[in-house]
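Q: Sharing start14.csv here; it has CSV, C-alpha atoms.
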```
chain,number,residue,atom,x,y,z
A,1,MET,CA,0.0,0.0,0.0
A,2,ARG,CA,3.0,2.3,0.0
A,3,ARG,CA,2.5,3.8,-3.2
A,4,LEU,CA,3.5,6.4,-5.0
A,5,ARG,CA,2.6,7.4,6.5
A,6,ALA,CA,2.4,15.9,24.6
A,7,CYS,CA,1.3,15.2,27.9
A,8,LEU,CA,1.1,11.5,28.7
A,9,GLY,CA,-1.2,9.8,31.2
A,10,ALA,CA,0.6,7.9,34.0
A,11,ALA,CA,-0.1,4.4,32.6
A,12,ALA,CA,1.0,5.5,29.1
A,13,ALA,CA,4.1,7.1,30.4
A,14,VAL,CA,5.2,3.8,31.9
A,15,GLY,CA,4.7,2.1,28.6
A,16,LEU,CA,6.7,4.9,26.9
A,17,ALA,CA,9.6,5.0,29.3
A,18,ALA,CA,12.0,3.6,26.7
A,19,ALA,CA,10.7,6.1,24.1
A,20,GLY,CA,11.9,9.0,26.2
A,21,THR,CA,15.5,7.9,26.2
A,22,THR,CA,18.2,9.3,24.0
A,23,ALA,CA,19.6,7.0,21.4
A,24,LEU,CA,23.3,6.3,21.7
A,25,VAL,CA,24.6,5.1,18.4
A,26,ALA,CA,28.4,4.6,17.9
A,27,GLY,CA,30.1,8.0,17.7
A,28,SER,CA,32.4,6.8,15.0
A,29,ALA,CA,29.4,6.3,12.6
A,30,SER,CA,29.5,8.4,9.5
A,31,GLY,CA,27.4,11.5,10.0
A,32,ALA,CA,26.4,10.6,13.6
A,33,THR,CA,24.7,13.3,15.5
A,34,SER,CA,22.9,13.9,18.8
A,35,ALA,CA,19.5,12.3,18.9
A,36,LEU,CA,16.3,14.3,18.9
A,37,SER,CA,13.6,13.3,21.4
A,38,ASN,CA,11.8,10.2,20.3
A,39,ARG,CA,8.6,12.2,19.8
A,40,TRP,CA,10.2,13.8,16.8
A,41,TYR,CA,11.0,10.4,15.2
A,42,ALA,CA,7.5,9.3,16.0
A,43,ALA,CA,6.2,12.4,14.1
A,44,ALA,CA,8.6,12.1,11.1
A,45,PRO,CA,6.7,12.1,7.7
A,46,TYR,CA,8.0,10.0,4.9
A,47,LEU,CA,10.3,11.6,2.3
A,48,MET,CA,11.7,9.9,-0.8
A,49,PRO,CA,15.1,11.6,-1.2
A,50,LEU,CA,15.9,10.3,-4.7
A,51,ASP,CA,12.5,10.0,-6.4
A,52,ASN,CA,9.1,11.7,-6.9
A,53,ASP,CA,10.6,15.2,-7.3
A,54,PRO,CA,12.1,15.4,-3.9
A,55,PRO,CA,11.4,18.7,-2.1
A,56,ASP,CA,14.0,20.7,-0.3
A,57,PRO,CA,13.9,19.5,3.4
A,58,ALA,CA,15.5,22.8,4.5
A,59,ALA,CA,12.6,24.8,3.0
A,60,ILE,CA,10.1,22.5,4.7
A,61,MET,CA,11.9,22.9,8.1
A,62,ASP,CA,11.9,26.7,7.7
A,63,ALA,CA,8.2,26.8,6.7
A,64,THR,CA,6.8,24.4,9.3
A,65,GLY,CA,9.2,23.9,12.2
A,66,LEU,CA,9.6,20.2,11.3
A,67,LYS,CA,12.7,18.5,12.6
A,68,ALA,CA,12.6,14.9,11.6
A,69,PHE,CA,12.2,13.0,8.3
A,70,GLN,CA,11.5,9.4,7.5
A,71,LEU,CA,13.6,8.6,4.4
A,72,ALA,CA,12.3,5.8,2.2
A,73,PHE,CA,13.0,3.1,1.1
A,74,VAL,CA,15.9,0.7,1.7
A,75,LEU,CA,15.5,-2.5,-0.4
A,76,ALA,CA,17.6,-5.4,-1.6
A,77,PRO,CA,19.5,-4.9,-4.9
A,78,ASN,CA,17.3,-5.4,-8.0
A,79,GLY,CA,20.0,-7.8,-9.3
A,80,GLY,CA,19.9,-9.9,-6.1
A,81,GLY,CA,22.0,-10.1,-3.0
A,82,CYS,CA,21.8,-9.3,0.7
A,83,SER,CA,23.1,-5.7,0.8
A,84,PRO,CA,21.1,-2.5,1.3
A,85,THR,CA,20.2,-0.1,-1.5
A,86,TRP,CA,18.0,2.9,-2.0
A,87,GLY,CA,15.0,1.7,-4.1
A,88,GLY,CA,16.9,-1.4,-5.2
A,89,THR,CA,19.3,0.6,-7.4
A,90,ALA,CA,21.6,2.9,-5.4
A,91,ALA,CA,24.0,1.0,-3.0
A,92,VAL,CA,24.0,2.4,0.5
A,93,SER,CA,27.7,1.7,0.8
A,94,SER,CA,28.7,4.2,-1.9
A,95,ASP,CA,25.9,6.6,-1.4
A,96,THR,CA,26.6,10.4,-1.4
A,97,ALA,CA,23.2,11.7,-2.6
A,98,VAL,CA,21.1,10.7,0.4
A,99,GLN,CA,24.0,11.5,2.7
A,100,SER,CA,23.9,15.1,1.4
A,101,VAL,CA,20.2,15.3,2.3
A,102,VAL,CA,20.9,13.9,5.8
A,103,ASN,CA,23.7,16.5,6.2
A,104,THR,CA,21.4,19.3,5.1
A,105,ILE,CA,18.7,18.3,7.7
A,106,ARG,CA,21.2,17.9,10.5
A,107,ALA,CA,22.9,21.2,9.8
A,108,LYS,CA,19.6,22.8,10.6
A,109,GLY,CA,19.2,20.9,13.9
A,110,GLY,CA,17.1,18.1,12.6
A,111,ASP,CA,17.6,14.4,12.1
A,112,VAL,CA,16.3,11.4,10.0
A,113,SER,CA,15.0,7.9,10.4
A,114,VAL,CA,15.2,5.4,7.6
A,115,SER,CA,12.4,3.2,6.4
A,116,ILE,CA,13.1,-0.2,5.1
A,117,GLY,CA,10.6,-2.2,2.9
A,118,GLY,CA,7.5,-0.4,1.6
A,119,TYR,CA,5.3,-1.5,-1.2
A,120,GLY,CA,7.0,-3.0,-4.2
A,121,GLY,CA,10.6,-4.1,-4.8
A,122,THR,CA,12.5,-7.0,-3.2
A,123,LYS,CA,13.0,-6.7,0.6
A,124,LEU,CA,16.1,-7.8,2.4
A,125,GLY,CA,14.1,-10.2,4.6
A,126,GLN,CA,13.1,-12.0,1.4
A,127,VAL,CA,16.7,-12.7,0.2
A,128,CYS,CA,19.0,-12.7,3.2
A,129,SER,CA,19.6,-16.2,4.7
A,130,ASP,CA,18.4,-15.5,8.2
A,131,ALA,CA,17.6,-12.9,10.8
A,132,ALA,CA,21.3,-12.3,11.6
A,133,ALA,CA,22.2,-11.7,7.9
A,134,THR,CA,19.2,-9.4,7.5
A,135,ALA,CA,20.2,-7.4,10.6
A,136,ALA,CA,23.8,-7.2,9.4
A,137,ALA,CA,22.6,-5.6,6.2
A,138,TYR,CA,20.5,-3.0,8.1
A,139,GLN,CA,23.3,-2.4,10.5
A,140,GLN,CA,25.2,-1.0,7.5
A,141,VAL,CA,22.5,1.6,7.1
A,142,ILE,CA,22.5,2.5,10.8
A,143,THR,CA,26.3,2.9,10.8
A,144,LYS,CA,26.5,4.7,7.5
A,145,TYR,CA,24.1,7.5,8.5
A,146,GLY,CA,24.6,7.3,12.3
A,147,LEU,CA,20.9,6.6,12.8
A,148,HIS,CA,18.9,6.9,16.0
A,149,ALA,CA,15.7,5.6,14.5
A,150,ILE,CA,14.5,3.0,11.9
A,151,ASP,CA,11.2,1.9,10.5
A,152,PHE,CA,10.3,-1.5,9.3
A,153,ASP,CA,7.6,-1.1,6.7
A,154,LEU,CA,6.2,-4.6,6.4
A,155,GLU,CA,3.4,-4.9,3.8
A,156,GLU,CA,2.5,-6.6,0.5
A,157,PRO,CA,3.9,-8.8,-0.8
A,158,GLU,CA,6.6,-9.4,1.8
A,159,TYR,CA,4.3,-9.8,4.8
A,160,GLU,CA,2.6,-12.7,3.1
A,161,ASN,CA,6.0,-14.5,3.2
A,162,THR,CA,6.4,-16.2,6.6
A,163,ALA,CA,10.1,-16.8,6.3
A,164,ALA,CA,10.7,-13.1,5.3
A,165,ILE,CA,8.7,-11.8,8.2
A,166,LYS,CA,10.6,-14.0,10.6
A,167,ASN,CA,13.8,-12.6,9.2
A,168,GLU,CA,12.6,-9.0,9.5
A,169,ILE,CA,11.2,-9.3,13.0
A,170,GLY,CA,14.4,-11.2,14.1
A,171,ALA,CA,16.5,-8.5,12.5
A,172,ALA,CA,14.6,-5.7,14.3
A,173,LYS,CA,15.1,-7.4,17.6
A,174,ILE,CA,18.9,-7.8,17.0
A,175,LEU,CA,19.2,-4.1,16.0
A,176,GLN,CA,17.3,-3.0,19.0
A,177,GLN,CA,19.6,-5.0,21.2
A,178,ASN,CA,22.8,-4.0,19.5
A,179,ASN,CA,22.0,-0.2,19.3
A,180,PRO,CA,20.9,0.9,22.7
A,181,GLY,CA,18.1,3.5,22.6
A,182,LEU,CA,17.4,2.9,18.9
A,183,TYR,CA,13.8,4.0,18.1
A,184,VAL,CA,12.1,1.2,16.2
A,185,SER,CA,8.7,1.4,14.5
A,186,VAL,CA,6.9,-1.4,12.6
A,187,THR,CA,4.4,-0.2,10.0
A,188,THR,CA,1.9,-2.5,8.3
A,189,ALA,CA,-1.4,-2.5,6.4
A,190,GLY,CA,-4.6,-1.2,8.0
A,191,THR,CA,-8.1,-2.5,7.5
A,192,ALA,CA,-11.5,-1.5,9.0
A,193,ASP,CA,-10.9,-4.2,11.6
A,194,GLY,CA,-7.5,-2.9,12.5
A,195,THR,CA,-5.2,-5.0,10.3
A,196,GLY,CA,-5.7,-8.1,8.2
A,197,TRP,CA,-4.7,-11.7,8.6
A,198,PHE,CA,-1.1,-11.2,7.6
A,199,GLY,CA,-0.7,-8.2,9.9
A,200,LYS,CA,-2.0,-10.3,12.8
A,201,GLN,CA,0.5,-13.1,11.9
A,202,MET,CA,3.3,-10.5,11.9
A,203,LEU,CA,2.2,-9.5,15.5
A,204,LEU,CA,2.2,-13.1,16.5
A,205,GLU,CA,5.7,-13.6,15.1
A,206,ALA,CA,6.8,-10.6,17.2
A,207,LYS,CA,5.3,-12.1,20.3
A,208,SER,CA,6.9,-15.4,19.7
A,209,GLN,CA,10.3,-13.8,19.3
A,210,GLY,CA,9.8,-11.6,22.4
A,211,PHE,CA,10.2,-8.5,20.3
A,212,THR,CA,8.5,-5.2,21.3
A,213,PRO,CA,9.2,-2.1,19.2
A,214,ASN,CA,8.4,1.4,20.2
A,215,ASN,CA,5.2,1.0,18.2
A,216,PHE,CA,3.3,-1.0,15.7
A,217,SER,CA,1.7,1.4,13.2
A,218,ILE,CA,-1.1,0.8,10.7
A,219,MET,CA,-1.9,2.5,7.4
A,220,PRO,CA,-5.7,3.0,7.4
A,221,PHE,CA,-6.1,3.9,3.7
A,222,ASP,CA,-6.4,2.0,0.4
A,223,GLY,CA,-9.0,-0.3,1.8
A,224,GLY,CA,-12.4,1.4,1.4
A,225,PHE,CA,-11.8,4.0,4.0
A,226,ASN,CA,-13.8,7.3,3.9
A,227,GLY,CA,-12.4,10.1,6.0
A,228,ALA,CA,-11.2,10.4,9.6
A,229,ALA,CA,-14.0,8.5,11.3
A,230,SER,CA,-13.2,5.3,9.4
A,231,GLN,CA,-9.5,5.7,10.3
A,232,THR,CA,-10.1,6.3,14.0
A,233,GLY,CA,-12.4,3.3,14.0
A,234,ALA,CA,-9.6,1.2,12.6
A,235,LEU,CA,-7.2,2.5,15.2
A,236,THR,CA,-9.6,1.6,18.0
A,237,ASN,CA,-10.0,-1.9,16.6
A,238,PHE,CA,-6.2,-2.2,16.2
A,239,ASN,CA,-5.8,-1.3,19.8
A,240,GLN,CA,-8.0,-4.2,20.8
A,241,ILE,CA,-5.8,-6.5,18.6
A,242,LEU,CA,-2.7,-5.3,20.4
A,243,GLN,CA,-4.4,-5.9,23.7
A,244,SER,CA,-5.4,-9.5,22.9
A,245,THR,CA,-2.1,-10.4,21.2
A,246,PHE,CA,0.3,-9.1,23.8
A,247,GLY,CA,-1.9,-9.1,26.9
A,248,TRP,CA,-1.6,-5.3,27.3
A,249,ASP,CA,-4.2,-3.1,28.9
A,250,GLN,CA,-5.7,-0.3,26.7
A,251,ALA,CA,-3.3,2.4,27.8
A,252,THR,CA,-0.3,0.2,27.2
A,253,ALA,CA,-1.6,-0.8,23.8
A,254,TYR,CA,-2.1,2.8,22.8
A,255,ALA,CA,1.4,3.6,24.1
A,256,HIS,CA,2.7,1.1,21.5
A,257,GLU,CA,0.3,2.1,18.6
A,258,GLY,CA,0.9,4.4,15.7
A,259,PHE,CA,-0.9,5.9,12.7
A,260,SER,CA,0.5,6.3,9.2
A,261,GLY,CA,-1.8,8.1,6.9
A,262,MET,CA,-1.8,9.3,3.3
A,263,ASN,CA,-2.4,12.9,2.6
A,264,GLY,CA,-4.9,13.9,-0.1
A,265,ARG,CA,-6.0,11.3,-2.6
A,266,SER,CA,-5.1,7.7,-1.8
A,267,ASP,CA,-4.1,5.1,-4.3
A,268,THR,CA,-7.6,3.9,-4.6
A,269,GLY,CA,-9.3,7.3,-4.8
A,270,GLU,CA,-10.1,8.0,-1.2
A,271,PHE,CA,-9.6,11.5,0.0
A,272,PHE,CA,-8.1,12.6,3.3
A,273,THR,CA,-8.1,16.4,3.9
A,274,GLN,CA,-6.5,18.7,6.5
A,275,THR,CA,-9.7,18.3,8.6
A,276,ASP,CA,-9.3,14.6,8.6
A,277,PHE,CA,-5.7,14.9,9.7
A,278,GLN,CA,-6.7,17.1,12.5
A,279,THR,CA,-9.4,14.7,13.7
A,280,VAL,CA,-6.9,11.7,13.7
A,281,LEU,CA,-4.3,13.9,15.4
A,282,ASP,CA,-6.7,14.7,18.2
A,283,TYR,CA,-7.5,11.0,18.5
A,284,ALA,CA,-3.8,10.1,18.7
A,285,THR,CA,-2.9,12.7,21.2
A,286,SER,CA,-6.0,12.2,23.4
A,287,ASN,CA,-5.2,8.4,23.6
A,288,ASN,CA,-1.4,9.0,24.1
A,289,MET,CA,-0.5,7.1,20.9
A,290,ASP,CA,3.2,6.7,20.2
A,291,ARG,CA,3.3,7.7,16.5
A,292,PHE,CA,1.6,10.0,13.9
A,293,THR,CA,3.1,10.1,10.4
A,294,PHE,CA,2.1,10.2,6.8
A,295,TRP,CA,3.0,9.4,3.2
A,296,SER,CA,4.4,11.6,2.0
A,297,LEU,CA,6.2,15.0,2.0
A,298,ASN,CA,6.8,14.6,-1.7
A,299,ARG,CA,3.0,14.8,-2.0
A,300,ASP,CA,2.5,17.7,0.5
A,301,ARG,CA,1.8,20.4,-2.1
A,302,GLN,CA,-1.1,21.3,-4.4
A,303,CYS,CA,-1.3,19.8,-7.9
A,304,THR,CA,-1.5,22.0,-11.0
A,305,PRO,CA,-4.0,21.2,-13.8
A,306,ALA,CA,-1.0,20.1,-15.9
A,307,ASP,CA,0.1,17.4,-13.4
A,308,ASN,CA,-3.2,16.2,-12.0
A,309,GLY,CA,-6.4,15.1,-13.7
A,310,GLY,CA,-8.2,13.8,-10.7
A,311,ARG,CA,-5.6,11.0,-10.2
A,312,THR,CA,-3.3,10.0,-7.4
A,313,SER,CA,0.2,11.5,-7.8
A,314,GLY,CA,3.5,10.8,-6.2
A,315,THR,CA,4.4,14.5,-6.3
A,316,CYS,CA,1.2,16.3,-5.1
A,317,SER,CA,-1.8,15.7,-3.0
A,318,SER,CA,-4.8,16.2,-5.4
A,319,VAL,CA,-6.5,18.3,-2.7
A,320,ALA,CA,-6.6,22.1,-2.2
A,321,GLN,CA,-3.7,23.1,0.1
A,322,ASN,CA,-0.8,25.3,0.8
A,323,SER,CA,2.6,23.7,0.5
A,324,TRP,CA,3.5,21.6,3.6
A,325,ASP,CA,0.0,21.9,5.2
A,326,PHE,CA,0.1,18.3,6.2
A,327,ALA,CA,3.6,18.4,7.7
A,328,LYS,CA,2.3,20.9,10.3
A,329,TYR,CA,0.2,18.1,11.8
A,330,SER,CA,3.4,16.1,12.4
A,331,VAL,CA,4.9,19.2,14.0
A,332,LYS,CA,1.9,19.5,16.4
A,333,PHE,CA,2.2,15.8,17.3
A,334,ALA,CA,5.8,16.3,18.2
A,335,GLY,CA,4.6,19.0,20.7
A,336,ALA,CA,5.8,22.0,18.7
A,337,THR,CA,3.8,24.9,17.3
A,338,PRO,CA,4.1,25.4,13.5
A,339,PRO,CA,4.2,29.0,12.0
A,340,SER,CA,0.8,30.4,11.1
A,341,SER,CA,-0.4,29.4,7.7
A,342,THR,CA,-2.0,31.4,5.0
A,343,PRO,CA,-5.5,30.6,3.9
A,344,THR,CA,-6.0,27.4,2.0
A,345,PRO,CA,-6.4,28.1,-1.8
A,346,THR,CA,-9.5,27.5,-3.7
A,347,PRO,CA,-9.7,24.0,-5.2
A,348,THR,CA,-8.0,23.5,-8.6
A,349,PRO,CA,-10.7,22.8,-11.2
A,350,THR,CA,-10.6,19.2,-12.5
A,351,PRO,CA,-9.8,19.2,-16.2
A,352,PRO,CA,-12.5,17.9,-18.5
A,353,SER,CA,-12.5,14.2,-19.1
A,354,THR,CA,-10.9,12.9,-22.3
A,355,GLY,CA,-11.7,10.1,-24.6
A,356,CYS,CA,-10.9,6.6,-23.5
A,357,LYS,CA,-8.0,4.6,-25.0
A,358,PRO,CA,-8.5,1.0,-26.2
A,359,ALA,CA,-9.6,-1.2,-23.4
A,360,TRP,CA,-6.9,-3.1,-21.4
A,361,SER,CA,-6.6,-6.8,-22.2
A,362,SER,CA,-5.2,-9.4,-19.8
A,363,THR,CA,-3.7,-11.3,-22.7
A,364,ALA,CA,-2.1,-8.4,-24.6
A,365,VAL,CA,1.6,-7.5,-24.3
A,366,TYR,CA,2.2,-3.8,-23.6
A,367,THR,CA,5.5,-1.9,-23.8
A,368,VAL,CA,6.6,1.5,-22.4
A,369,GLY,CA,4.3,4.3,-23.6
A,370,ASN,CA,1.4,2.1,-24.6
A,371,GLU,CA,-2.0,3.5,-23.5
A,372,VAL,CA,-5.2,1.6,-22.5
A,373,SER,CA,-8.4,2.3,-20.6
A,374,TYR,CA,-9.6,0.5,-17.5
A,375,ASN,CA,-12.4,1.4,-15.0
A,376,ASN,CA,-13.1,4.6,-16.8
A,377,HIS,CA,-9.5,5.8,-16.6
A,378,ASN,CA,-6.7,6.0,-19.1
A,379,TRP,CA,-3.4,4.4,-18.2
A,380,LYS,CA,0.1,4.5,-19.7
A,381,ALA,CA,2.6,1.6,-19.4
A,382,LYS,CA,5.9,2.5,-17.8
A,383,TRP,CA,7.6,-0.7,-19.0
A,384,TRP,CA,6.9,-4.1,-20.6
A,385,THR,CA,3.9,-5.8,-19.0
A,386,GLN,CA,1.3,-8.5,-19.5
A,387,ASN,CA,-1.7,-9.4,-17.3
A,388,GLU,CA,-1.0,-6.7,-14.7
A,389,THR,CA,-4.3,-5.0,-14.0
A,390,PRO,CA,-4.0,-1.2,-14.1
A,391,VAL,CA,-3.9,0.3,-10.6
A,392,ALA,CA,-2.4,3.5,-9.3
A,393,SER,CA,1.0,3.0,-7.6
A,394,ASP,CA,4.3,4.7,-7.8
A,395,TRP,CA,5.9,1.2,-7.9
A,396,GLY,CA,3.5,-0.3,-10.4
A,397,VAL,CA,3.8,-0.6,-14.1
A,398,TRP,CA,0.8,1.6,-14.9
A,399,GLN,CA,0.6,5.4,-14.7
A,400,ASP,CA,-2.9,6.8,-14.2
A,401,GLU,CA,-3.6,9.5,-16.8
A,402,GLY,CA,-7.0,10.4,-15.3
A,403,ALA,CA,-10.7,9.8,-16.0
A,404,CYS,CA,-12.0,9.2,-19.5
```
Take the structure in this file and express it as structure tokens.
A:
Amino acid sequence: MRRLRACLGAAAAVGLAAAGTTALVAGSASGATSALSNRWYAAAPYLMPLDNDPPDPAAIMDATGLKAFQLAFVLAPNGGGCSPTWGGTAAVSSDTAVQSVVNTIRAKGGDVSVSIGGYGGTKLGQVCSDAAATAAAYQQVITKYGLHAIDFDLEEPEYENTAAIKNEIGAAKILQQNNPGLYVSVTTAGTADGTGWFGKQMLLEAKSQGFTPNNFSIMPFDGGFNGAASQTGALTNFNQILQSTFGWDQATAYAHEGFSGMNGRSDTGEFFTQTDFQTVLDYATSNNMDRFTFWSLNRDRQCTPADNGGRTSGTCSSVAQNSWDFAKYSVKFAGATPPSSTPTPTPTPTPPSTGCKPAWSSTAVYTVGNEVSYNNHNWKAKWWTQNETPVASDWGVWQDEGAC
């Protein structure tokens, strides 16, 4: 589904005791810096530093007061092997581009977490031989960037692979033990019931290994959700799943629960506005939840008629907004006050629909640039494909060109 995600009560404060500590990563790590409070890592929105027209993090920090960024995604190499890369193509070991982004953020008093996994691509847990090998690959990332926080984004198709999830959870436990104070979040799919069967199996794997991260976060979108009420309902149900799985009381479960939303138009055409974000933020803070984040800062700006025809975009939100409106909710969750914003602009008119291209066929072979129609939308192939149903996704083969 990854796509194109205060004052504590006494009981919750006990559950979050570890979350208030300062991470102590080896001082010899490249780019190591003093840690922020864990509340900032819990509030860090996702940013793709190499794809989807990356915005300038320094400009976002100046405009919003944001201090932490969740950089995405570390994957296995596209050609195979158990070594970390950015997006399957750029080796972490020789990286300078992402390091430059990290340096820019830290020079302004901020910091980063790194997210591993996501939707699409091959995950290290799928190809590394065991949990120890998987952890060794991720340790390279922690050491390279001097990390104080890391996010395990476990979703389709990896979380359907029992062996891969065993490796990922085992690796997370090893990293937690070997990097005292490391903030660890685990993000997975959300459903109306909280999370689905595979998400529940992942929680059971964590229980069997005796692993407890700072939080388990769900992504309540792309599953028939409709605004904030459906999201808070899913979070309530997920809280009950955490209680029943780990034997926690309600407050302890909330203290280990997180929300990862999608700003604007989701992959499946749901809409989440600034009002929805405020409602979920109020729910998260009132219940002393541990995390509030969203996908993504690359999308936290208004589309223009030229780049949006009522479709989901990886570079804009498809709703009326000022740049970085959604980042300010993360700032609020961290306990800071963002600068006053200017009035939200009037909605951008949706361009008139265009004629439909030839209907998509499951048996036809399509190559880059070929156009088809499916479900009253036109689609363009990004590369060779056959029998892959058109669906909006940054990682997928099809680009949504809008309604027809």
Q: Please identify all polymer residues within 7 Å of Trp379 of chain A, counting all atoms listed in the file, omitting same-chain residues fewer than 2 positions from it, and present them as a list in words.
A: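 My reading of the contact set: Glu371, Val372, Ser373, His377, Ala381, Pro390, Trp398, Gln399, Asp400 and Glu401 of chain A.
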Q: May I have the residues within 10 Å of Leu66 of chain A as a list in words, using only C-alpha atoms and disregarding those fewer than 6 positions away in the same chain?
A: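 What passes the distance filter is Trp40, Ala43, Ala44, Pro45, Pro57, Ala58, Ala59, Ile60, Ile105, Gly109, Gly110, Asp111, Trp324, Ala327, Lys328, Tyr329, Ser330, Val331, Lys332, Ala334, Ala336, Thr337 and Pro338 of chain A.
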Q: Give me, please, the distance in Å between atom CA of Pro49 of chain A and atom CA of Glu160 of chain A, quoted to one decimal.
A: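 Taking atom CA of Pro49 of chain A and atom CA of Glu160 of chain A, their separation equals 27.7 Å.
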Q: Identify, on the basis of all atoms listed in the file, every residue whose closest approach to Val102 of chain A does not exceed 10 Å; exclude the query and any residue fewer than 5 positions from it along the same chain; express the result as number ranges by chain.
A: A: 31, 49, 57, 69, 71, 96-97, 107, 110-113, 145-146
Q: Any idea what's packed within 12 Å of Pro157 of chain A, counting only C-alpha atoms, ignoring anything in its chain fewer than 5 positions away? Could you give it as a list in words?
A: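 My list of contacting residues is Met1, Arg2, Gly117, Gly118, Tyr119, Gly120, Gly121, Thr122, Lys123, Gly125, Gln126, Thr162, Ala164, Ile165, Thr188, Ala189, Phe198 and Gly199 of chain A.
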Q: Show me, as an NGL selection string, the residues that have an atom within 12 Å of Pro55 of chain A when counting all atoms listed in the file, minus same-chain residues fewer than 4 positions from it.
A: :A and (46-51 or 59-61 or 69 or 101 or 296-301 or 314-316 or 323-324)
Q: Determine the nearest neighbour of Thr279 of chain A from the options A:Ile169, A:Ala229, A:Ala68, A:Leu154, counting only C-alpha atoms.
A: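 Selected residue with least distance to Thr279 of chain A: A:Ala229.
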Q: May I ask for the distance between atom CA of Pro84 of chain A and atom CA of Val141 of chain A, given in Å to one decimal place?
A: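 Answer for the atom CA of Pro84 of chain A to atom CA of Val141 of chain A separation: 7.2 Å.
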Q: Of the candidates A:Asp56, A:Tyr41, A:Leu281, A:Phe238, which shows the shortest atom-to-atom distance to Ser100 of chain A, using all atoms listed in the file?
A: A:Asp56
Q: So how far away is atom CA of Asp267 of chain A from atom CA of Gln386 of chain A, in Å?
A: 21.1 Å
Q: Between A:Ser230, A:Gln243, A:Ser94, A:Thr389, which is the closest to Phe272 of chain A once you count only C-alpha atoms?
A: A:Ser230
Q: Would you kindly identify which residues have an atom no farther than 12 Å from (-12.3, 21.2, 7.9), using all atoms listed in the file and the file's own coordinates, and write them out as a count of residues only?
A: 13
Q: With distances taken over all atoms listed in the file, which of A:Gln201, A:Thr268, A:Asn215, A:Ser115 is nearest to Asn161 of chain A?
A: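 Of the candidates, the smallest distance to Asn161 of chain A is held by A:Gln201.
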Q: Which of these, A:Pro339, A:Gly396, A:Gly88, A:Gly261, has the shortest distance to Ala76 of chain A once you count all atoms listed in the file?
A: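 Counting all atoms listed in the file, the residue closest to Ala76 of chain A is A:Gly88.
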